[in-house]
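Student: Okay, here's the structure, questions in a sec.
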Amino acid sequence: MTSFPQSFSRSRLSREAMLAAWVAVLVAVAASMCLGLVAAGYRVGHPWTVAALALLAIGIEHESIRLTPVAEVSIASLLCIFAAVVLGPLAAIVVSAAAVLANLPRRDVTQPVLRWVTWTAMSVIIAGCAGLAALAVNSAVDVAFWGVFAAVTAAFIVEAATDLALAGVTPAIRGTGSWTETARTVGTAQLSSIPLQVPLVALLAYSYETISPWSVALFAIPAFAAHRLLLLYRQQIDTASALGEANARLAGANLSFATALVATLDARDRYTAGHSAAVAIYAGDIADRMNLSDDEQKLVRLCGLVHDIGKIGLPAGLLEKPGALTLDERKQMELHSTIGERILRNVEDYSEIAAIVRHHHERVDGNGYPDGLVGDDIPLLARIIAVADAYNAMTSDRPYRDAMPSRVARLRLAQAVESQFDTAVVAAFEAVLTGADEAYRRGTRSDFVFEGIGAIQATASHPAVPALVAAEV
């Protein structure tokens, strides 16, 4: 049996052998292309122009833009296309190969020479193909500017196609990225810049041929402008990625904070343990049944999780009292919704949650607390929490009574529509309960936990309070 280290070593050797073979193929093709062009009578020509383009390409390549850990782009390719159109394929190859010289001194790669050889060979092949495409179109089209425009377009298309075909092979062999991912990333950057690049290069090439070779000096300004465009594109992607990560971290922090609050409440009284998780699940399912948005469903689950957090601020012994509450104790109990609001309003981004928590004991007939809101003046998510909260309280064991059967609790909800509860919310919850099994209805199913909470089970009870319609204050 092959051991893991031996298997890993063989896999690594296999990749290195494949990479060496791939580089050898690239070098052979690049050398053959150069020799073939020389044998066919092509020359570099205009050495000073080529030298100027090569130096400019080296400078631009120093500022290449990293799209992925294994893929970079720069607008040095514009110089290669320009050279391909006005000077021929060999000039394009010289400019392209010179640009890659900028990558040789880098120290942030493990195999700089091998990578430089790979990039150089690829650049030679890409530039040579683009030059031959431009040459073919130049020979076939003889209509002044539009002939140049057609040659530039052909060179860009061939350059992009060849680049996409070759760019993803090396990362795929190394195992640092897939060909599809690399091609998609590089292709997106290329396609987004072509509408600007083709007219720009065509205009400069036409000026070079019809006005003066000195017009090549004008390439510096638009070349760096195009580079800036690519840089802005990269920054936009980075900003969007950072924003997505920040939102994900914020969502995780919100849930972690809510979980910590609930754990604190659960640790105080075993009768409250799990109740908030149950309310969160019921509320989320009601919102789903009512076709609320995904964001609203997530929000109502979070509100359900923290809806009773104000009970942390109640006097010791009040939550644990086994019998009925006195009038004064009842008034103290009713403060938990406003206490919860004050706690949550001190947390950044929890203001909407705080408002829902404040109103989850309002009644549609206006006889609820703390503000006596009526009907639609009560936030919809608070009306959902009220139904889920009451149902779980009725179907949970209390110190002074056993849990009600689910059918009785459902009847109590139906009897309280248009007085305590919103009719549409109760109807949605009834539809959810009708299609559920008894373990769900009683909150005892093994998977009945709030997403991401882990150990908080949705099987415990609500604090003991006098029994109204839904045994809730």
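Here's how to read the names in the structure tokens: chain A, B, ... by the order shown, residue numbers from 1 in each chain, ligand numbers from 1 in the order shown.
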Quick one: residues within 12 Å of Ser96 (chain A), only C-alpha atoms, excluding same-chain residues fewer than 6 positions away - as a count of residues only?

Tutor: 38

Student: What's the separation between CA of Ala278 (chain A) and CA of Glu296 (chain A), in Å to one decimal place?

Tutor: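 Separation of CA of Ala278 (chain A) and CA of Glu296 (chain A): 17.6 Å.
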
Student: Could you check the closest approach to Ala428 (chain A) for each of A:Leu292, A:Val201, A:Ala403, A:Ile353 and tell me which residue wins, using only C-alpha atoms?

Tutor: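 Between A:Leu292, A:Val201, A:Ala403, A:Ile353, the residue approaching Ala428 (chain A) most closely is A:Leu292.
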
Student: Using backbone DSSP assignments, extract all alpha helix (DSSP H) residues from region 386-453 of chain A; output them as a PDB file with N, CA, C and O atoms, in the first residue's frame.

Tutor:
ATOM      1  N   ALA A 386     -44.956  37.750  17.732  1.00  0.00           N
ATOM      2  CA  ALA A 386     -45.998  37.579  18.758  1.00  0.00           C
ATOM      3  C   ALA A 386     -46.673  36.225  18.642  1.00  0.00           C
ATOM      4  O   ALA A 386     -46.914  35.539  19.654  1.00  0.00           O
ATOM      5  N   VAL A 387     -47.004  35.803  17.414  1.00  0.00           N
ATOM      6  CA  VAL A 387     -47.672  34.517  17.207  1.00  0.00           C
ATOM      7  C   VAL A 387     -46.735  33.362  17.538  1.00  0.00           C
ATOM      8  O   VAL A 387     -47.111  32.408  18.248  1.00  0.00           O
ATOM      9  N   ALA A 388     -45.502  33.421  17.021  1.00  0.00           N
ATOM     10  CA  ALA A 388     -44.544  32.344  17.288  1.00  0.00           C
ATOM     11  C   ALA A 388     -44.236  32.241  18.772  1.00  0.00           C
ATOM     12  O   ALA A 388     -44.139  31.135  19.333  1.00  0.00           O
ATOM     13  N   ASP A 389     -44.088  33.388  19.424  1.00  0.00           N
ATOM     14  CA  ASP A 389     -43.780  33.448  20.853  1.00  0.00           C
ATOM     15  C   ASP A 389     -44.902  32.814  21.676  1.00  0.00           C
ATOM     16  O   ASP A 389     -44.670  31.978  22.556  1.00  0.00           O
ATOM     17  N   ALA A 390     -46.142  33.207  21.378  1.00  0.00           N
ATOM     18  CA  ALA A 390     -47.282  32.698  22.140  1.00  0.00           C
ATOM     19  C   ALA A 390     -47.451  31.200  21.951  1.00  0.00           C
ATOM     20  O   ALA A 390     -47.708  30.456  22.903  1.00  0.00           O
ATOM     21  N   TYR A 391     -47.313  30.732  20.726  1.00  0.00           N
ATOM     22  CA  TYR A 391     -47.511  29.309  20.453  1.00  0.00           C
ATOM     23  C   TYR A 391     -46.486  28.466  21.207  1.00  0.00           C
ATOM     24  O   TYR A 391     -46.834  27.462  21.839  1.00  0.00           O
ATOM     25  N   ASN A 392     -45.222  28.869  21.150  1.00  0.00           N
ATOM     26  CA  ASN A 392     -44.206  28.074  21.834  1.00  0.00           C
ATOM     27  C   ASN A 392     -44.394  28.108  23.342  1.00  0.00           C
ATOM     28  O   ASN A 392     -44.128  27.119  24.036  1.00  0.00           O
ATOM     29  N   ALA A 393     -44.867  29.247  23.859  1.00  0.00           N
ATOM     30  CA  ALA A 393     -45.145  29.327  25.299  1.00  0.00           C
ATOM     31  C   ALA A 393     -46.235  28.351  25.696  1.00  0.00           C
ATOM     32  O   ALA A 393     -46.148  27.675  26.724  1.00  0.00           O
ATOM     33  N   MET A 394     -47.292  28.248  24.875  1.00  0.00           N
ATOM     34  CA  MET A 394     -48.402  27.359  25.207  1.00  0.00           C
ATOM     35  C   MET A 394     -48.026  25.884  25.093  1.00  0.00           C
ATOM     36  O   MET A 394     -48.533  25.048  25.832  1.00  0.00           O
ATOM     37  N   SER A 406     -50.694  20.505  21.023  1.00  0.00           N
ATOM     38  CA  SER A 406     -50.558  21.446  19.915  1.00  0.00           C
ATOM     39  C   SER A 406     -51.918  21.834  19.339  1.00  0.00           C
ATOM     40  O   SER A 406     -52.123  22.983  18.929  1.00  0.00           O
ATOM     41  N   ARG A 407     -52.876  20.904  19.307  1.00  0.00           N
ATOM     42  CA  ARG A 407     -54.190  21.230  18.749  1.00  0.00           C
ATOM     43  C   ARG A 407     -54.896  22.285  19.590  1.00  0.00           C
ATOM     44  O   ARG A 407     -55.617  23.139  19.062  1.00  0.00           O
ATOM     45  N   VAL A 408     -54.687  22.236  20.910  1.00  0.00           N
ATOM     46  CA  VAL A 408     -55.305  23.238  21.786  1.00  0.00           C
ATOM     47  C   VAL A 408     -54.649  24.597  21.559  1.00  0.00           C
ATOM     48  O   VAL A 408     -55.332  25.633  21.482  1.00  0.00           O
ATOM     49  N   ALA A 409     -53.337  24.612  21.458  1.00  0.00           N
ATOM     50  CA  ALA A 409     -52.630  25.873  21.237  1.00  0.00           C
ATOM     51  C   ALA A 409     -53.049  26.496  19.906  1.00  0.00           C
ATOM     52  O   ALA A 409     -53.234  27.719  19.808  1.00  0.00           O
ATOM     53  N   ARG A 410     -53.233  25.660  18.880  1.00  0.00           N
ATOM     54  CA  ARG A 410     -53.658  26.181  17.572  1.00  0.00           C
ATOM     55  C   ARG A 410     -55.072  26.752  17.656  1.00  0.00           C
ATOM     56  O   ARG A 410     -55.375  27.781  17.038  1.00  0.00           O
ATOM     57  N   LEU A 411     -55.910  26.113  18.429  1.00  0.00           N
ATOM     58  CA  LEU A 411     -57.272  26.634  18.627  1.00  0.00           C
ATOM     59  C   LEU A 411     -57.234  27.975  19.344  1.00  0.00           C
ATOM     60  O   LEU A 411     -57.977  28.911  18.990  1.00  0.00           O
ATOM     61  N   ARG A 412     -56.372  28.109  20.352  1.00  0.00           N
ATOM     62  CA  ARG A 412     -56.244  29.368  21.081  1.00  0.00           C
ATOM     63  C   ARG A 412     -55.792  30.505  20.151  1.00  0.00           C
ATOM     64  O   ARG A 412     -56.278  31.631  20.254  1.00  0.00           O
ATOM     65  N   LEU A 413     -54.852  30.186  19.266  1.00  0.00           N
ATOM     66  CA  LEU A 413     -54.408  31.198  18.305  1.00  0.00           C
ATOM     67  C   LEU A 413     -55.562  31.639  17.416  1.00  0.00           C
ATOM     68  O   LEU A 413     -55.760  32.843  17.181  1.00  0.00           O
ATOM     69  N   ALA A 414     -56.318  30.672  16.914  1.00  0.00           N
ATOM     70  CA  ALA A 414     -57.443  30.996  16.029  1.00  0.00           C
ATOM     71  C   ALA A 414     -58.492  31.843  16.746  1.00  0.00           C
ATOM     72  O   ALA A 414     -59.090  32.759  16.153  1.00  0.00           O
ATOM     73  N   GLN A 415     -58.712  31.571  18.029  1.00  0.00           N
ATOM     74  CA  GLN A 415     -59.709  32.321  18.784  1.00  0.00           C
ATOM     75  C   GLN A 415     -59.281  33.771  19.043  1.00  0.00           C
ATOM     76  O   GLN A 415     -60.123  34.635  19.283  1.00  0.00           O
ATOM     77  N   THR A 423     -54.597  38.211  11.659  1.00  0.00           N
ATOM     78  CA  THR A 423     -55.246  37.065  11.011  1.00  0.00           C
ATOM     79  C   THR A 423     -54.346  36.417   9.970  1.00  0.00           C
ATOM     80  O   THR A 423     -54.230  35.182   9.903  1.00  0.00           O
ATOM     81  N   ALA A 424     -53.687  37.228   9.136  1.00  0.00           N
ATOM     82  CA  ALA A 424     -52.841  36.685   8.068  1.00  0.00           C
ATOM     83  C   ALA A 424     -51.666  35.905   8.647  1.00  0.00           C
ATOM     84  O   ALA A 424     -51.271  34.860   8.103  1.00  0.00           O
ATOM     85  N   VAL A 425     -51.115  36.391   9.755  1.00  0.00           N
ATOM     86  CA  VAL A 425     -49.981  35.700  10.370  1.00  0.00           C
ATOM     87  C   VAL A 425     -50.424  34.359  10.952  1.00  0.00           C
ATOM     88  O   VAL A 425     -49.757  33.329  10.764  1.00  0.00           O
ATOM     89  N   VAL A 426     -51.554  34.347  11.650  1.00  0.00           N
ATOM     90  CA  VAL A 426     -52.058  33.094  12.231  1.00  0.00           C
ATOM     91  C   VAL A 426     -52.397  32.099  11.118  1.00  0.00           C
ATOM     92  O   VAL A 426     -52.110  30.901  11.237  1.00  0.00           O
ATOM     93  N   ALA A 427     -52.991  32.589  10.024  1.00  0.00           N
ATOM     94  CA  ALA A 427     -53.330  31.698   8.909  1.00  0.00           C
ATOM     95  C   ALA A 427     -52.072  31.085   8.305  1.00  0.00           C
ATOM     96  O   ALA A 427     -52.042  29.885   7.981  1.00  0.00           O
ATOM     97  N   ALA A 428     -51.023  31.886   8.162  1.00  0.00           N
ATOM     98  CA  ALA A 428     -49.772  31.370   7.614  1.00  0.00           C
ATOM     99  C   ALA A 428     -49.158  30.328   8.548  1.00  0.00           C
ATOM    100  O   ALA A 428     -48.672  29.271   8.101  1.00  0.00           O
ATOM    101  N   PHE A 429     -49.197  30.593   9.852  1.00  0.00           N
ATOM    102  CA  PHE A 429     -48.619  29.649  10.802  1.00  0.00           C
ATOM    103  C   PHE A 429     -49.434  28.357  10.840  1.00  0.00           C
ATOM    104  O   PHE A 429     -48.880  27.256  10.949  1.00  0.00           O
ATOM    105  N   GLU A 430     -50.748  28.472  10.739  1.00  0.00           N
ATOM    106  CA  GLU A 430     -51.592  27.279  10.712  1.00  0.00           C
ATOM    107  C   GLU A 430     -51.264  26.414   9.504  1.00  0.00           C
ATOM    108  O   GLU A 430     -51.218  25.185   9.592  1.00  0.00           O
ATOM    109  N   ALA A 431     -50.997  27.056   8.360  1.00  0.00           N
ATOM    110  CA  ALA A 431     -50.611  26.302   7.164  1.00  0.00           C
ATOM    111  C   ALA A 431     -49.277  25.586   7.380  1.00  0.00           C
ATOM    112  O   ALA A 431     -49.090  24.445   6.951  1.00  0.00           O
ATOM    113  N   VAL A 432     -48.358  26.247   8.062  1.00  0.00           N
ATOM    114  CA  VAL A 432     -47.062  25.626   8.363  1.00  0.00           C
ATOM    115  C   VAL A 432     -47.258  24.425   9.290  1.00  0.00           C
ATOM    116  O   VAL A 432     -46.709  23.330   9.051  1.00  0.00           O
ATOM    117  N   LEU A 433     -48.045  24.596  10.338  1.00  0.00           N
ATOM    118  CA  LEU A 433     -48.256  23.526  11.309  1.00  0.00           C
ATOM    119  C   LEU A 433     -49.023  22.359  10.705  1.00  0.00           C
ATOM    120  O   LEU A 433     -48.773  21.190  11.052  1.00  0.00           O
ATOM    121  N   THR A 434     -49.956  22.644   9.802  1.00  0.00           N
ATOM    122  CA  THR A 434     -50.733  21.571   9.165  1.00  0.00           C
ATOM    123  C   THR A 434     -49.833  20.628   8.385  1.00  0.00           C
ATOM    124  O   THR A 434     -50.038  19.410   8.382  1.00  0.00           O
ATOM    125  N   GLU A 438     -45.661  16.106  14.356  1.00  0.00           N
ATOM    126  CA  GLU A 438     -45.956  16.488  15.730  1.00  0.00           C
ATOM    127  C   GLU A 438     -44.704  16.955  16.478  1.00  0.00           C
ATOM    128  O   GLU A 438     -44.786  17.820  17.359  1.00  0.00           O
ATOM    129  N   ALA A 439     -43.551  16.384  16.118  1.00  0.00           N
ATOM    130  CA  ALA A 439     -42.315  16.816  16.775  1.00  0.00           C
ATOM    131  C   ALA A 439     -42.040  18.291  16.485  1.00  0.00           C
ATOM    132  O   ALA A 439     -41.586  19.039  17.359  1.00  0.00           O
ATOM    133  N   TYR A 440     -42.312  18.731  15.263  1.00  0.00           N
ATOM    134  CA  TYR A 440     -42.158  20.146  14.924  1.00  0.00           C
ATOM    135  C   TYR A 440     -43.167  20.982  15.700  1.00  0.00           C
ATOM    136  O   TYR A 440     -42.834  22.039  16.239  1.00  0.00           O
ATOM    137  N   ARG A 441     -44.405  20.504  15.745  1.00  0.00           N
ATOM    138  CA  ARG A 441     -45.455  21.272  16.420  1.00  0.00           C
ATOM    139  C   ARG A 441     -45.153  21.471  17.899  1.00  0.00           C
ATOM    140  O   ARG A 441     -45.529  22.482  18.489  1.00  0.00           O
ATOM    141  N   ARG A 442     -44.446  20.515  18.491  1.00  0.00           N
ATOM    142  CA  ARG A 442     -44.115  20.617  19.915  1.00  0.00           C
ATOM    143  C   ARG A 442     -42.695  21.153  20.128  1.00  0.00           C
ATOM    144  O   ARG A 442     -42.260  21.308  21.266  1.00  0.00           O
TER     145      ARG A 442
END

Student: With only C-alpha atoms as the basis for distance, which of A:Val347, A:Ala91, A:Ala24, A:Ala154 is at the shortest distance from Leu114 (chain A)?

Tutor: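 Result for the nearest residue to Leu114 (chain A): A:Ala24.
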